[in-house]
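Below is structure_12.cif, holding mmCIF, C-alpha atoms and all ligand atoms.
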```cif
data_target
loop_
_atom_site.label_atom_id
_atom_site.label_comp_id
_atom_site.auth_asym_id
_atom_site.auth_seq_id
_atom_site.Cartn_x
_atom_site.Cartn_y
_atom_site.Cartn_z
CA MET A 560 152.27 127.23 51.74
CA ASN A 561 155.70 127.26 50.09
CA LYS A 562 158.26 129.26 51.97
CA THR A 563 160.12 132.07 50.23
CA PHE A 564 163.91 132.18 50.48
CA SER A 565 166.01 135.05 49.21
CA CYS A 566 169.44 136.66 49.53
CA GLU A 567 170.34 140.33 49.49
CA PHE A 568 173.43 141.95 47.95
CA PHE A 569 174.79 145.47 47.69
CA PRO A 570 176.03 146.82 44.34
CA PRO A 571 179.83 146.47 44.07
CA LYS A 572 181.91 149.54 43.27
CA THR A 573 184.32 147.85 40.85
CA ASP A 574 184.20 145.42 37.92
CA GLN A 575 186.22 143.00 40.00
CA GLY A 576 183.65 143.27 42.81
CA LEU A 577 180.88 142.56 40.34
CA GLU A 578 182.72 139.46 39.05
CA LYS A 579 183.04 138.20 42.60
CA LEU A 580 179.37 138.88 43.23
CA LEU A 581 178.35 136.93 40.14
CA THR A 582 180.36 133.97 41.42
CA ALA A 583 178.77 134.30 44.87
CA SER A 584 175.27 134.51 43.41
CA GLU A 585 175.92 131.39 41.33
CA ILE A 586 176.97 129.47 44.46
CA LEU A 587 173.95 130.70 46.44
CA LYS A 588 171.69 129.81 43.54
CA THR A 589 173.01 126.23 43.46
CA GLU A 590 172.88 125.69 47.21
CA ILE A 591 169.75 127.58 48.26
CA LYS A 592 167.72 127.65 45.07
CA PRO A 593 166.35 131.03 46.18
CA ASP A 594 163.06 132.45 45.00
CA PHE A 595 164.82 135.73 44.35
CA PHE A 596 167.91 137.83 44.93
CA SER A 597 167.75 141.53 45.77
CA VAL A 598 170.22 144.40 45.34
CA THR A 599 170.24 147.50 47.55
CA PHE A 600 169.99 151.09 46.34
CA GLY A 601 171.78 154.12 47.79
CA ALA A 602 169.24 156.72 48.86
CA GLY A 603 169.12 159.78 46.64
CA GLY A 604 170.08 157.62 43.66
CA SER A 605 173.77 157.39 44.58
CA THR A 606 174.03 153.76 43.36
CA ARG A 607 171.41 154.08 40.63
CA GLU A 608 173.60 152.80 37.77
CA ARG A 609 175.50 150.28 39.84
CA THR A 610 172.27 148.80 41.24
CA PHE A 611 170.85 148.58 37.72
CA GLN A 612 174.00 146.91 36.43
CA ALA A 613 174.18 144.40 39.31
CA VAL A 614 170.48 143.52 39.02
CA THR A 615 170.55 142.94 35.29
CA ASP A 616 173.88 141.04 35.40
CA ILE A 617 172.83 138.77 38.26
CA ALA A 618 169.45 138.07 36.66
CA SER A 619 170.97 137.17 33.29
CA HIS A 620 173.93 135.27 34.77
CA THR A 621 171.97 133.12 37.23
CA GLY A 622 168.44 133.13 35.82
CA VAL A 623 167.17 133.83 39.35
CA PRO A 624 164.57 136.64 39.54
CA THR A 625 166.43 139.66 40.91
CA ALA A 626 164.71 142.53 42.67
CA PRO A 627 166.18 146.01 42.76
CA HIS A 628 165.63 148.02 45.93
CA LEU A 629 164.30 151.47 45.13
CA SER A 630 164.18 154.31 47.62
CA CYS A 631 162.27 157.52 47.02
CA ILE A 632 163.92 160.03 49.31
CA GLY A 633 165.87 162.64 47.36
CA SER A 634 164.50 161.58 43.95
CA SER A 635 161.92 163.24 41.73
CA LYS A 636 158.90 161.41 40.31
CA ASP A 637 160.44 161.67 36.85
CA GLU A 638 163.62 159.98 38.03
CA ILE A 639 161.67 157.17 39.65
CA ARG A 640 159.44 156.82 36.58
CA GLU A 641 162.51 156.39 34.41
CA ILE A 642 164.02 153.76 36.71
CA LEU A 643 160.73 151.81 36.74
CA SER A 644 160.53 151.92 32.97
CA ARG A 645 164.12 150.66 32.55
CA TYR A 646 163.43 147.74 34.87
CA GLN A 647 160.18 146.93 33.10
CA GLN A 648 162.04 146.85 29.79
CA GLN A 649 164.57 144.43 31.30
CA GLY A 650 161.77 142.07 32.36
CA ILE A 651 162.32 142.72 36.08
CA LYS A 652 159.12 141.82 37.92
CA ARG A 653 159.93 142.39 41.58
CA LEU A 654 160.94 145.47 43.59
CA VAL A 655 161.76 146.34 47.19
CA ALA A 656 160.19 149.79 47.73
CA LEU A 657 161.68 151.99 50.45
CA ARG A 658 161.81 155.50 51.70
CA GLY A 659 165.56 155.31 52.31
CA ASP A 660 167.54 157.66 54.51
CA MET A 661 168.56 161.15 53.51
CA PRO A 662 172.28 161.11 52.62
CA SER A 663 174.25 163.66 54.65
CA GLY A 664 174.64 166.91 52.74
CA MET A 665 171.55 166.35 50.60
CA VAL A 666 169.07 169.18 51.02
CA THR A 667 166.12 168.26 48.84
CA SER A 668 163.98 165.40 50.06
CA GLY A 669 162.33 164.78 46.69
CA GLU A 670 158.64 164.52 45.78
CA LEU A 671 157.78 161.31 47.61
CA HIS A 672 158.43 161.38 51.34
CA TYR A 673 157.47 157.96 52.66
CA ALA A 674 157.49 154.42 51.34
CA ASN A 675 153.67 154.26 51.20
CA GLU A 676 153.73 157.16 48.71
CA LEU A 677 156.32 155.30 46.62
CA VAL A 678 154.18 152.14 46.58
CA THR A 679 151.15 154.17 45.48
CA PHE A 680 153.23 155.83 42.76
CA ILE A 681 154.58 152.48 41.48
CA ARG A 682 151.06 151.06 41.28
CA GLU A 683 149.79 154.20 39.48
CA GLU A 684 152.63 154.05 36.96
CA THR A 685 152.98 150.32 36.39
CA GLY A 686 149.79 148.66 37.59
CA ASP A 687 150.35 145.06 38.66
CA HIS A 688 153.62 144.60 36.79
CA PHE A 689 155.81 144.43 39.90
CA HIS A 690 155.59 142.27 42.98
CA ILE A 691 156.33 144.90 45.63
CA GLU A 692 158.15 144.17 48.88
CA VAL A 693 158.32 146.75 51.66
CA ALA A 694 160.37 146.97 54.86
CA ALA A 695 158.99 145.97 58.27
CA TYR A 696 160.46 146.65 61.73
CA PRO A 697 159.58 144.13 64.47
CA GLU A 698 161.58 146.26 66.94
CA PHE A 699 160.23 149.44 65.32
CA HIS A 700 161.89 151.96 63.05
CA PRO A 701 164.52 153.98 64.96
CA ILE A 702 162.68 157.27 64.52
CA ALA A 703 159.13 155.94 64.77
CA GLU A 704 156.77 158.22 66.70
CA SER A 705 155.47 155.20 68.63
CA PRO A 706 155.04 151.44 68.08
CA LYS A 707 151.33 151.97 67.40
CA GLN A 708 152.00 154.70 64.84
CA ASP A 709 154.77 152.68 63.17
CA LEU A 710 152.35 149.75 62.77
CA ALA A 711 149.72 152.08 61.34
CA TYR A 712 152.24 153.41 58.79
CA PHE A 713 153.27 149.85 57.96
CA LYS A 714 149.60 149.07 57.25
CA GLN A 715 149.47 152.10 54.93
CA LYS A 716 152.27 150.59 52.82
CA ILE A 717 150.45 147.29 52.53
CA ASP A 718 147.14 149.02 51.78
CA ALA A 719 148.89 151.09 49.10
CA GLY A 720 149.55 147.84 47.23
CA ALA A 721 152.62 146.09 48.66
CA ASP A 722 152.49 142.31 48.28
CA SER A 723 154.81 141.27 51.06
CA ALA A 724 157.37 142.57 53.54
CA ILE A 725 160.93 141.82 54.60
CA THR A 726 161.92 142.69 58.14
CA GLN A 727 164.88 144.55 59.49
CA TYR A 728 167.18 141.91 60.99
CA PHE A 729 166.59 140.92 64.60
CA TYR A 730 167.86 138.43 67.17
CA ASN A 731 164.71 138.45 69.26
CA VAL A 732 162.16 135.99 67.90
CA ASP A 733 159.45 137.19 70.31
CA ALA A 734 159.61 140.68 68.81
CA TYR A 735 158.93 139.18 65.38
CA TYR A 736 155.94 137.11 66.53
CA GLN A 737 154.46 139.99 68.49
CA PHE A 738 154.77 142.17 65.38
CA VAL A 739 153.14 139.52 63.18
CA ASP A 740 150.30 139.11 65.72
CA ASP A 741 149.77 142.89 65.87
CA CYS A 742 149.66 143.02 62.08
CA GLU A 743 147.05 140.25 61.98
CA LEU A 744 144.91 142.21 64.41
CA LEU A 745 145.12 145.16 62.01
CA GLY A 746 143.93 142.92 59.17
CA ILE A 747 147.32 142.68 57.45
CA ASP A 748 147.65 139.30 55.78
CA ALA A 749 150.70 139.93 53.55
CA PRO A 750 153.61 137.57 54.30
CA ILE A 751 156.21 139.17 56.60
CA ILE A 752 159.53 137.49 55.92
CA PRO A 753 162.23 137.64 58.60
CA GLY A 754 165.45 139.34 57.50
CA ILE A 755 168.42 137.35 58.76
CA MET A 756 171.85 138.87 59.44
CA PRO A 757 174.58 136.27 59.94
CA ILE A 758 177.02 137.14 62.74
CA THR A 759 180.66 137.34 61.62
CA ASN A 760 182.06 140.43 63.35
CA TYR A 761 181.13 142.09 66.64
CA THR A 762 182.22 145.73 66.17
CA ASN A 763 180.45 146.31 62.87
CA LEU A 764 177.34 144.45 63.97
CA ALA A 765 177.08 146.46 67.20
CA ARG A 766 177.49 149.78 65.40
CA PHE A 767 175.00 148.93 62.69
CA SER A 768 172.48 147.48 65.14
CA ASP A 769 172.59 150.61 67.29
CA ALA A 770 171.93 152.74 64.19
CA CYS A 771 169.05 150.69 62.80
CA GLY A 772 167.35 149.91 66.09
CA THR A 773 168.09 146.18 66.36
CA GLU A 774 168.65 144.85 69.84
CA ILE A 775 171.50 142.40 70.31
CA PRO A 776 170.33 140.55 73.42
CA ARG A 777 172.75 141.00 76.33
CA TRP A 778 173.72 137.33 76.51
CA ILE A 779 174.71 137.38 72.84
CA ARG A 780 176.49 140.76 73.05
CA LYS A 781 178.46 139.69 76.12
CA ARG A 782 179.63 136.45 74.52
CA LEU A 783 180.54 138.15 71.24
CA GLN A 784 182.60 140.74 73.14
CA ASP A 785 184.38 137.96 74.97
CA PHE A 786 185.75 136.42 71.77
CA HIS A 787 187.98 139.48 71.15
CA ASP A 788 190.26 138.51 68.20
CA ASP A 789 189.16 134.89 68.11
CA THR A 790 187.19 135.29 64.88
CA GLU A 791 186.71 131.59 64.26
CA SER A 792 185.05 130.99 67.64
CA LEU A 793 182.92 134.12 67.18
CA LYS A 794 181.72 132.88 63.79
CA ALA A 795 180.98 129.41 65.16
CA PHE A 796 178.94 130.88 68.02
CA GLY A 797 177.19 133.31 65.67
CA LYS A 798 176.30 130.49 63.32
CA ASP A 799 174.79 128.42 66.15
CA VAL A 800 172.73 131.35 67.48
CA VAL A 801 171.38 132.43 64.10
CA THR A 802 170.74 128.89 62.84
CA ASP A 803 168.78 128.10 65.99
CA MET A 804 166.75 131.29 65.53
CA CYS A 805 166.03 130.49 61.85
CA GLN A 806 164.95 126.95 62.71
CA ARG A 807 162.55 128.23 65.37
CA LEU A 808 161.16 130.77 62.93
CA LEU A 809 160.56 128.19 60.22
CA ASP A 810 159.13 125.62 62.66
CA ASN A 811 156.69 128.21 63.97
CA GLY A 812 155.30 129.28 60.64
CA ALA A 813 157.52 132.10 59.35
CA PRO A 814 156.80 132.38 55.61
CA GLY A 815 160.48 132.18 54.60
CA LEU A 816 163.86 133.80 55.26
CA HIS A 817 165.69 136.70 53.60
CA PHE A 818 169.46 136.54 54.13
CA TYR A 819 171.47 139.74 54.34
CA SER A 820 174.44 138.02 52.69
CA MET A 821 176.73 141.09 52.49
CA ASN A 822 177.88 139.67 49.11
CA GLN A 823 179.46 136.66 50.87
CA THR A 824 178.41 133.02 50.74
CA GLU A 825 180.17 131.39 53.68
CA ALA A 826 178.15 132.65 56.65
CA THR A 827 174.78 132.32 54.91
CA LEU A 828 175.52 128.77 53.74
CA ALA A 829 176.84 127.75 57.16
CA ILE A 830 173.36 128.57 58.50
CA TRP A 831 171.44 127.23 55.51
CA ASN A 832 173.22 123.86 55.51
CA GLU A 833 172.17 123.14 59.08
CA LEU A 834 168.53 124.10 58.64
CA GLU A 835 165.67 121.71 58.06
CA HIS A 836 163.45 123.48 55.58
P1 LIG B 901 158.88 154.25 55.74
O1 LIG B 901 158.02 153.05 55.73
O2 LIG B 901 158.47 155.42 54.92
O3 LIG B 901 159.03 154.72 57.28
C1 LIG B 901 160.05 155.64 57.68
C2 LIG B 901 159.69 156.29 59.00
O4 LIG B 901 158.65 157.24 58.79
C3 LIG B 901 159.17 155.37 60.10
O5 LIG B 901 159.59 155.88 61.34
C4 LIG B 901 157.66 155.46 59.98
O6 LIG B 901 157.02 155.23 61.23
C5 LIG B 901 157.46 156.90 59.51
N1 LIG B 901 156.37 157.03 58.52
C6 LIG B 901 156.02 156.16 57.55
N2 LIG B 901 155.01 156.64 56.80
C7 LIG B 901 154.73 157.87 57.30
C8 LIG B 901 153.79 158.88 56.94
N3 LIG B 901 152.95 158.69 55.91
N4 LIG B 901 153.78 160.02 57.68
C9 LIG B 901 154.63 160.20 58.72
N5 LIG B 901 155.54 159.27 59.10
C10 LIG B 901 155.59 158.13 58.40
N6 LIG B 901 167.94 151.75 52.74
C11 LIG B 901 168.53 152.17 51.61
O7 LIG B 901 168.96 153.33 51.54
N7 LIG B 901 168.70 151.35 50.52
C12 LIG B 901 168.24 150.06 50.53
O8 LIG B 901 168.40 149.35 49.55
C13 LIG B 901 167.59 149.59 51.70
N8 LIG B 901 167.08 148.34 51.77
C14 LIG B 901 166.39 147.94 52.88
C15 LIG B 901 165.80 146.67 52.90
C16 LIG B 901 165.09 146.23 54.01
C17 LIG B 901 164.45 144.86 53.98
C18 LIG B 901 164.99 147.06 55.17
C19 LIG B 901 164.26 146.59 56.40
C20 LIG B 901 165.56 148.32 55.16
C21 LIG B 901 166.26 148.78 54.03
N9 LIG B 901 166.83 150.06 53.96
C22 LIG B 901 167.46 150.49 52.82
C23 LIG B 901 166.74 150.97 55.11
C24 LIG B 901 165.53 151.91 55.01
O9 LIG B 901 165.63 152.71 53.86
C25 LIG B 901 165.51 152.79 56.25
O10 LIG B 901 165.20 152.01 57.38
C26 LIG B 901 164.62 154.02 56.17
O11 LIG B 901 164.90 154.84 57.31
C27 LIG B 901 163.13 153.74 56.20
O12 LIG B 901 162.68 153.21 55.03
P2 LIG B 901 161.18 152.61 54.97
O13 LIG B 901 160.92 152.25 53.58
O14 LIG B 901 160.99 151.60 56.00
O15 LIG B 901 160.37 153.95 55.35
#
```

Transcribe the structure of this file into structure tokens.
Ligand code: FAD
Amino acid sequence: MNKTFSCEFFPPKTDQGLEKLLTASEILKTEIKPDFFSVTFGAGGSTRERTFQAVTDIASHTGVPTAPHLSCIGSSKDEIREILSRYQQQGIKRLVALRGDMPSGMVTSGELHYANELVTFIREETGDHFHIEVAAYPEFHPIAESPKQDLAYFKQKIDAGADSAITQYFYNVDAYYQFVDDCELLGIDAPIIPGIMPITNYTNLARFSDACGTEIPRWIRKRLQDFHDDTESLKAFGKDVVTDMCQRLLDNGAPGLHFYSMNQTEATLAIWNELEH
């Protein structure tokens, strides 16, 4: 089976940022020849226009299929219907469907409360038009009731009509394989693509990982801390660790890789160029 490779971006805030992103996406297109790009969406619709703009610009600039992320929390069905219709009109055929997180200060949670409800709604509204990706959490969602319940809810998203899943990033390959095995036991056969976060900075990575429930194994955390201001050595170590993890994933049957590129090319390509794929 062909493996699926993709890169994720966030929507830039300025025209200059968008120009830079178009250049980055062109480079990633040439080097990786990705199956698709994706662009994140601020929950509650906060980046609605900027996500739309980035998706349509990247798709027309590079010719690479580009998937908007779409989260349902804080949005009405009418708002989501309108977004779906605009993407359909633009010929967009792939979506990443999410619940999202409630932005602070927002009081209304919207009409759809979980990602499985969003997937059902998209299928009701648009039939088979979109290839739908959903999120998966090998180390479990930070507020999951229990691992078993989180898996059961993940199955609901697939059963609602999702075609494949992209995982939260992780540095523990065993957690990914255990998750994939558990999914197989539940009868889930949709591809579950590992999300890969390159390591370029310790402080931000540690903060973000604590918030999203990703474990940085102690031996990695300790070494990253030890680099202090030596950014070059930190990046070199991070590249080795993540490249080794990606190679093991691909060699052991992972159906592809999704790079959280953070709108940069260097760290993703440093990994990509050392991989045998
Ligand atoms: P869900 O699958 O709905 O799960 C959320 C929580 O609710 C879990 O704890 C689950 O166990 C529980 N749950 C699920 N279904 C039910 C149910 N029916 N009843 C009760 N409990 C339930 N966030 C953004 O804001 N914008 C983005 O663009 C974005 N992109 C992402 C891309 C990927 C690949 C990943 C992994 C995450 C992304 N996120 C994004 C983060 C994501 O929105 C958050 O992790 C959010 O908290 C959960 O979204 P979800 O779609 O996984 O939710």

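A straight line drawn from atom CA of A:His688 to atom CA of A:Arg645 is 12.8 Å long.
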
What are the nearest atom pairs, with distances in Å to one decimal, for all residues of chain A that come at most 8 Å from ligand LIG 901 (chain B), using only C-alpha atoms and all ligand atoms, set out by chain and rising residue number as a Markdown table?
```
| residue | atom | partner | partner_atom | distance |
| --- | --- | --- | --- | --- |
| A:Phe569 | CA | B:LIG901 | O8 | 7.7 |
| A:Val598 | CA | B:LIG901 | O8 | 6.7 |
| A:Thr599 | CA | B:LIG901 | O8 | 3.3 |
| A:Phe600 | CA | B:LIG901 | O8 | 4.0 |
| A:Gly601 | CA | B:LIG901 | O7 | 4.8 |
| A:Ala602 | CA | B:LIG901 | O7 | 4.3 |
| A:Pro627 | CA | B:LIG901 | O8 | 7.9 |
| A:His628 | CA | B:LIG901 | O8 | 4.7 |
| A:Leu629 | CA | B:LIG901 | O8 | 6.4 |
| A:Ser630 | CA | B:LIG901 | N7 | 6.1 |
| A:Val655 | CA | B:LIG901 | C15 | 7.0 |
| A:Ala656 | CA | B:LIG901 | O13 | 6.4 |
| A:Leu657 | CA | B:LIG901 | O13 | 3.2 |
| A:Arg658 | CA | B:LIG901 | O13 | 3.9 |
| A:Gly659 | CA | B:LIG901 | O9 | 3.0 |
| A:Asp660 | CA | B:LIG901 | O11 | 4.8 |
| A:His672 | CA | B:LIG901 | O2 | 7.0 |
| A:Tyr673 | CA | B:LIG901 | O2 | 3.5 |
| A:Ala674 | CA | B:LIG901 | O2 | 3.8 |
| A:Asn675 | CA | B:LIG901 | O2 | 6.2 |
| A:Glu676 | CA | B:LIG901 | N3 | 7.4 |
| A:Val693 | CA | B:LIG901 | O13 | 6.4 |
| A:Ala694 | CA | B:LIG901 | C19 | 4.2 |
| A:Ala695 | CA | B:LIG901 | C19 | 5.6 |
| A:Tyr696 | CA | B:LIG901 | C19 | 6.5 |
| A:Phe699 | CA | B:LIG901 | O5 | 7.6 |
| A:His700 | CA | B:LIG901 | O5 | 4.9 |
| A:Pro701 | CA | B:LIG901 | O5 | 6.4 |
| A:Ile702 | CA | B:LIG901 | O5 | 4.6 |
| A:Ala703 | CA | B:LIG901 | O5 | 3.5 |
| A:Glu704 | CA | B:LIG901 | O6 | 6.2 |
| A:Ser705 | CA | B:LIG901 | O6 | 7.6 |
| A:Gln708 | CA | B:LIG901 | O6 | 6.2 |
| A:Asp709 | CA | B:LIG901 | O6 | 3.9 |
| A:Leu710 | CA | B:LIG901 | O6 | 7.4 |
| A:Ala711 | CA | B:LIG901 | O6 | 8.0 |
| A:Tyr712 | CA | B:LIG901 | N2 | 4.7 |
| A:Phe713 | CA | B:LIG901 | O1 | 6.1 |
| A:Gln715 | CA | B:LIG901 | N2 | 7.4 |
| A:Lys716 | CA | B:LIG901 | O1 | 6.9 |
| A:Ala724 | CA | B:LIG901 | C17 | 7.5 |
| A:Ile725 | CA | B:LIG901 | C17 | 4.7 |
| A:Thr726 | CA | B:LIG901 | C19 | 4.9 |
| A:Gln727 | CA | B:LIG901 | C19 | 3.8 |
| A:Tyr728 | CA | B:LIG901 | C19 | 7.2 |
| A:Gly754 | CA | B:LIG901 | C17 | 6.6 |
| A:Cys771 | CA | B:LIG901 | O10 | 6.8 |
```

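For the choices A:Val614, A:Leu745, A:Leu671, A:Leu581, the atom-to-atom distance to A:Ile639 is smallest for A:Leu671 when using all atoms listed in the file.
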
Near stretch 823-826 of chain A, 10 Å: stretch 730-800 of chain A residue rows, closest pairs, only C-alpha atoms, as a Markdown table:
```
| residue | atom | partner | partner_atom | distance |
| --- | --- | --- | --- | --- |
| A:Met756 | CA | A:Ala826 | CA | 9.3 |
| A:Pro757 | CA | A:Ala826 | CA | 6.1 |
| A:Ile758 | CA | A:Ala826 | CA | 7.7 |
| A:Thr759 | CA | A:Ala826 | CA | 7.3 |
| A:Lys794 | CA | A:Ala826 | CA | 8.0 |
| A:Ala795 | CA | A:Ala826 | CA | 9.5 |
| A:Gly797 | CA | A:Ala826 | CA | 9.1 |
| A:Lys798 | CA | A:Ala826 | CA | 7.3 |
```

Using the selection just defined, write its residues with C-alpha atoms as a PDB file, in the frame of the given file.
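Resulting contents of result13.pdb:
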```
ATOM      1  CA  MET A 756     171.850 138.870  59.440  1.00  0.00           C
ATOM      2  CA  PRO A 757     174.580 136.270  59.940  1.00  0.00           C
ATOM      3  CA  ILE A 758     177.020 137.140  62.740  1.00  0.00           C
ATOM      4  CA  THR A 759     180.660 137.340  61.620  1.00  0.00           C
ATOM      5  CA  LYS A 794     181.720 132.880  63.790  1.00  0.00           C
ATOM      6  CA  ALA A 795     180.980 129.410  65.160  1.00  0.00           C
ATOM      7  CA  GLY A 797     177.190 133.310  65.670  1.00  0.00           C
ATOM      8  CA  LYS A 798     176.300 130.490  63.320  1.00  0.00           C
TER       9      LYS A 798
END
```

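Nearest to A:Ser605 of all the residues A:Thr685, A:Thr625, A:Ser663, A:Asn731 is A:Ser663, counting all atoms listed in the file.
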
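Residues with any atom within 6 Å of A:Tyr735, counting only C-alpha atoms and excluding same-chain neighbours fewer than 3 positions away, are Pro697, Val732 and Phe738 of chain A.
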
Shell of 7 Å around A:Gly669, all atoms listed in the file, local chain residues under 2 positions omitted, as JSON, numbers by chain: {"A": [632, 633, 634, 635, 667, 671, 672]}

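Atom CA of A:Tyr736 sits 12.5 Å away from atom CA of A:Asp810.
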
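Here the question is which of A:Leu783, A:Met560, A:Ala734, A:Ala719 gets nearest to A:Thr762 using all atoms listed in the file, and that residue is A:Leu783.
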